[in-house]
Amino acid sequence: MRFMILVKATAESEAGAMPGEPLLAAMAQYHEQLAKAGVLLDANGLKPTAHGWRVHYDGAQRRVVDGPFAEAKELVAGYTLIQTRTRDEALEWSRRFPHPGLDGGVAEIEVRPLFELDDFGAGEAIERFRALDAGAEGGREPPRR
């Protein structure tokens with residue numbers, strides 16, 4: 001089971017404030033523990049939305065809107081992608097996530113399971129995704145599922 005831990009943005013992270021050494025050290029230690037346990041798939045911080053864009057869809061029309069975007073509490077500042085055997089294991093890892101607030105104040109993470117291909121019915125499109133997944137794994141050992 002794969003889970004994404006979403007670090008919610010704050011006004012400080014959207015303003016471009018960088019984490020200090022104590023937070024970076026705590027995050028490094030946490031991610032080292034995830035890697036040692038064999039559950040870490042990926043992790044990264046995201047630049048503020050001022051550096052990004054959104055694509056709005058309306059029927060066949062697409063419109064690109066450059067950031068920044070309002071409502072920092074609805075935005076994502078970073079993520080950690082893990083793969084565990086159970087939901088409870090993912091919950092335990094998320095409880096250990098270091099406080100992500102830059103100022104030690106109010107902060108929030110959100111954890112969501114990812115869809116797996118087995119969650120969908122059989123079909124040609126799903127088989128195409130399976131082929132992509134197999135190709136992406138190449139010669140490396142696939143993550144445990």
# chains A, B, ... in the order shown; residues from 1 in each chain; ligands from 1
$ residues_around --residues "Gly45 of chain A" --least-positions-apart "2" --cutoff "12 Å" --atoms "only C-alpha atoms" --output "ChimeraX atom specification"
/A:5-9,13-14,16,18-19,24,27,42-43,47-49,76-81,100
$ select_by_dssp --residues "segment 13-125 of chain A" --states "helix (DSSP H, G or I)" --output "PyMOL selection string"
chain A and resi 13-14+21-37+49-51+72-74+87-95+117-119+124-125
$ write_last_selection --atoms "C-alpha atoms" --output "PDB file, in the first residue's frame"
ATOM      1  CA  SER A  13       6.519  28.610   3.105  1.00  0.00           C
ATOM      2  CA  GLU A  14       4.495  30.401   0.409  1.00  0.00           C
ATOM      3  CA  GLU A  21      18.981  23.583  10.245  1.00  0.00           C
ATOM      4  CA  PRO A  22      16.936  22.071  13.130  1.00  0.00           C
ATOM      5  CA  LEU A  23      13.972  21.241  10.862  1.00  0.00           C
ATOM      6  CA  LEU A  24      16.233  19.994   8.069  1.00  0.00           C
ATOM      7  CA  ALA A  25      18.060  17.761  10.568  1.00  0.00           C
ATOM      8  CA  ALA A  26      14.781  16.359  11.932  1.00  0.00           C
ATOM      9  CA  MET A  27      13.506  15.690   8.417  1.00  0.00           C
ATOM     10  CA  ALA A  28      16.787  14.047   7.398  1.00  0.00           C
ATOM     11  CA  GLN A  29      16.656  11.761  10.436  1.00  0.00           C
ATOM     12  CA  TYR A  30      13.019  10.838   9.779  1.00  0.00           C
ATOM     13  CA  HIS A  31      13.652  10.079   6.104  1.00  0.00           C
ATOM     14  CA  GLU A  32      16.753   8.064   6.976  1.00  0.00           C
ATOM     15  CA  GLN A  33      14.570   5.952   9.295  1.00  0.00           C
ATOM     16  CA  LEU A  34      12.009   5.476   6.514  1.00  0.00           C
ATOM     17  CA  ALA A  35      14.757   4.431   4.095  1.00  0.00           C
ATOM     18  CA  LYS A  36      16.316   2.031   6.616  1.00  0.00           C
ATOM     19  CA  ALA A  37      12.886   0.435   7.158  1.00  0.00           C
ATOM     20  CA  THR A  49       3.204  28.506  -5.865  1.00  0.00           C
ATOM     21  CA  ALA A  50       4.645  31.774  -7.207  1.00  0.00           C
ATOM     22  CA  HIS A  51       6.971  29.491  -9.203  1.00  0.00           C
ATOM     23  CA  ALA A  72      -1.955  28.808   1.763  1.00  0.00           C
ATOM     24  CA  LYS A  73      -3.774  26.298   3.996  1.00  0.00           C
ATOM     25  CA  GLU A  74      -5.100  24.580   0.860  1.00  0.00           C
ATOM     26  CA  ARG A  87      -2.738   1.368   6.821  1.00  0.00           C
ATOM     27  CA  ASP A  88      -1.801   1.104  10.506  1.00  0.00           C
ATOM     28  CA  GLU A  89       1.898   0.989   9.630  1.00  0.00           C
ATOM     29  CA  ALA A  90       1.485   4.128   7.495  1.00  0.00           C
ATOM     30  CA  LEU A  91      -0.420   5.796  10.332  1.00  0.00           C
ATOM     31  CA  GLU A  92       2.413   5.027  12.748  1.00  0.00           C
ATOM     32  CA  TRP A  93       5.006   6.499  10.387  1.00  0.00           C
ATOM     33  CA  SER A  94       2.881   9.622   9.893  1.00  0.00           C
ATOM     34  CA  ARG A  95       2.637  10.121  13.670  1.00  0.00           C
ATOM     35  CA  LEU A 117      -3.818  -0.621 -10.474  1.00  0.00           C
ATOM     36  CA  ASP A 118      -5.593  -3.527  -8.770  1.00  0.00           C
ATOM     37  CA  ASP A 119      -8.198  -1.021  -7.500  1.00  0.00           C
ATOM     38  CA  GLU A 124      -6.750  -2.333 -22.014  1.00  0.00           C
ATOM     39  CA  ALA A 125      -5.876   1.008 -20.427  1.00  0.00           C
TER      40      ALA A 125
END
$ atom_distance --atom1 "atom CA of Leu102 of chain A" --atom2 "atom CA of Trp53 of chain A"
23.8 Å
$ closest_residue --among "A:Ala60, A:Val106, A:Leu40, A:Ala134" --to "Arg2 of chain A" --atoms "only C-alpha atoms"
A:Leu40
$ closest_residue --among "A:Glu108, A:Asp58, A:Asp103, A:Glu71" --to "Ala17 of chain A" --atoms "only C-alpha atoms"
A:Asp103
$ atom_distance --atom1 "atom CA of Gly52 of chain A" --atom2 "atom CA of Met4 of chain A"
20.4 Å
$ select_by_dssp --residues "segment 11-131 of chain A" --states "strand (DSSP E or B)" --output "JSON, numbers by chain"
{"A": [40, 41, 42, 43, 44, 45, 53, 54, 55, 56, 57, 58, 61, 62, 63, 64, 65, 66, 76, 77, 78, 79, 80, 81, 82, 83, 109, 110, 111, 112, 113]}
$ atom_distance --atom1 "atom CA of Ala131 of chain A" --atom2 "atom CA of Asn44 of chain A"
26.3 Å
$ decode --residues "segment 45-120 of chain A" --atoms "C-alpha atoms" --output "JSON list (two decimals), in the first residue's frame"
[["chain", "number", "residue", "atom", "x", "y", "z"],
["A", 45, "GLY", "CA", 9.82, 19.99, -0.83],
["A", 46, "LEU", "CA", 7.99, 22.14, -3.33],
["A", 47, "LYS", "CA", 8.84, 25.70, -4.24],
["A", 48, "PRO", "CA", 6.13, 28.27, -3.47],
["A", 49, "THR", "CA", 3.20, 28.51, -5.87],
["A", 50, "ALA", "CA", 4.65, 31.77, -7.21],
["A", 51, "HIS", "CA", 6.97, 29.49, -9.20],
["A", 52, "GLY", "CA", 4.17, 27.27, -10.51],
["A", 53, "TRP", "CA", 0.98, 27.32, -12.52],
["A", 54, "ARG", "CA", -2.38, 25.65, -12.79],
["A", 55, "VAL", "CA", -4.19, 24.43, -15.86],
["A", 56, "HIS", "CA", -7.95, 25.02, -15.74],
["A", 57, "TYR", "CA", -10.17, 22.82, -17.90],
["A", 58, "ASP", "CA", -13.56, 23.84, -19.22],
["A", 59, "GLY", "CA", -14.75, 21.30, -21.75],
["A", 60, "ALA", "CA", -12.15, 21.20, -24.50],
["A", 61, "GLN", "CA", -10.65, 24.55, -23.45],
["A", 62, "ARG", "CA", -7.51, 24.81, -21.34],
["A", 63, "ARG", "CA", -6.30, 27.94, -19.59],
["A", 64, "VAL", "CA", -2.97, 28.31, -17.81],
["A", 65, "VAL", "CA", -2.93, 30.46, -14.68],
["A", 66, "ASP", "CA", 0.39, 31.43, -13.15],
["A", 67, "GLY", "CA", 0.88, 31.40, -9.38],
["A", 68, "PRO", "CA", 0.96, 32.52, -6.69],
["A", 69, "PHE", "CA", -2.30, 31.14, -5.39],
["A", 70, "ALA", "CA", -4.31, 32.29, -2.40],
["A", 71, "GLU", "CA", -5.30, 30.23, 0.65],
["A", 72, "ALA", "CA", -1.96, 28.81, 1.76],
["A", 73, "LYS", "CA", -3.77, 26.30, 4.00],
["A", 74, "GLU", "CA", -5.10, 24.58, 0.86],
["A", 75, "LEU", "CA", -1.68, 24.32, -0.79],
["A", 76, "VAL", "CA", 1.04, 21.68, -0.54],
["A", 77, "ALA", "CA", 4.62, 22.57, 0.44],
["A", 78, "GLY", "CA", 6.14, 19.11, 0.19],
["A", 79, "TYR", "CA", 5.50, 15.39, 0.26],
["A", 80, "THR", "CA", 6.84, 12.04, 1.36],
["A", 81, "LEU", "CA", 5.78, 8.92, -0.52],
["A", 82, "ILE", "CA", 5.91, 5.69, 1.47],
["A", 83, "GLN", "CA", 4.93, 2.08, 0.87],
["A", 84, "THR", "CA", 3.81, -0.02, 3.81],
["A", 85, "ARG", "CA", 2.10, -3.34, 4.31],
["A", 86, "THR", "CA", -0.86, -1.87, 6.17],
["A", 87, "ARG", "CA", -2.74, 1.37, 6.82],
["A", 88, "ASP", "CA", -1.80, 1.10, 10.51],
["A", 89, "GLU", "CA", 1.90, 0.99, 9.63],
["A", 90, "ALA", "CA", 1.48, 4.13, 7.49],
["A", 91, "LEU", "CA", -0.42, 5.80, 10.33],
["A", 92, "GLU", "CA", 2.41, 5.03, 12.75],
["A", 93, "TRP", "CA", 5.01, 6.50, 10.39],
["A", 94, "SER", "CA", 2.88, 9.62, 9.89],
["A", 95, "ARG", "CA", 2.64, 10.12, 13.67],
["A", 96, "ARG", "CA", 6.44, 10.25, 13.75],
["A", 97, "PHE", "CA", 6.65, 12.92, 11.01],
["A", 98, "PRO", "CA", 8.61, 15.92, 12.35],
["A", 99, "HIS", "CA", 6.67, 19.12, 13.01],
["A", 100, "PRO", "CA", 6.86, 20.79, 9.57],
["A", 101, "GLY", "CA", 6.16, 24.36, 10.66],
["A", 102, "LEU", "CA", 8.97, 26.78, 9.90],
["A", 103, "ASP", "CA", 8.21, 28.79, 13.02],
["A", 104, "GLY", "CA", 7.17, 25.92, 15.29],
["A", 105, "GLY", "CA", 3.58, 27.19, 15.23],
["A", 106, "VAL", "CA", 0.53, 25.64, 13.66],
["A", 107, "ALA", "CA", 1.23, 23.19, 10.84],
["A", 108, "GLU", "CA", -0.49, 20.21, 9.27],
["A", 109, "ILE", "CA", 0.21, 17.13, 7.23],
["A", 110, "GLU", "CA", -2.37, 15.11, 5.34],
["A", 111, "VAL", "CA", -1.98, 11.44, 4.50],
["A", 112, "ARG", "CA", -3.74, 9.86, 1.54],
["A", 113, "PRO", "CA", -3.54, 6.39, 0.05],
["A", 114, "LEU", "CA", -2.66, 6.13, -3.61],
["A", 115, "PHE", "CA", -4.78, 4.13, -5.99],
["A", 116, "GLU", "CA", -3.15, 0.87, -7.04],
["A", 117, "LEU", "CA", -3.82, -0.62, -10.47],
["A", 118, "ASP", "CA", -5.59, -3.53, -8.77],
["A", 119, "ASP", "CA", -8.20, -1.02, -7.50],
["A", 120, "PHE", "CA", -9.47, -0.67, -11.07]]
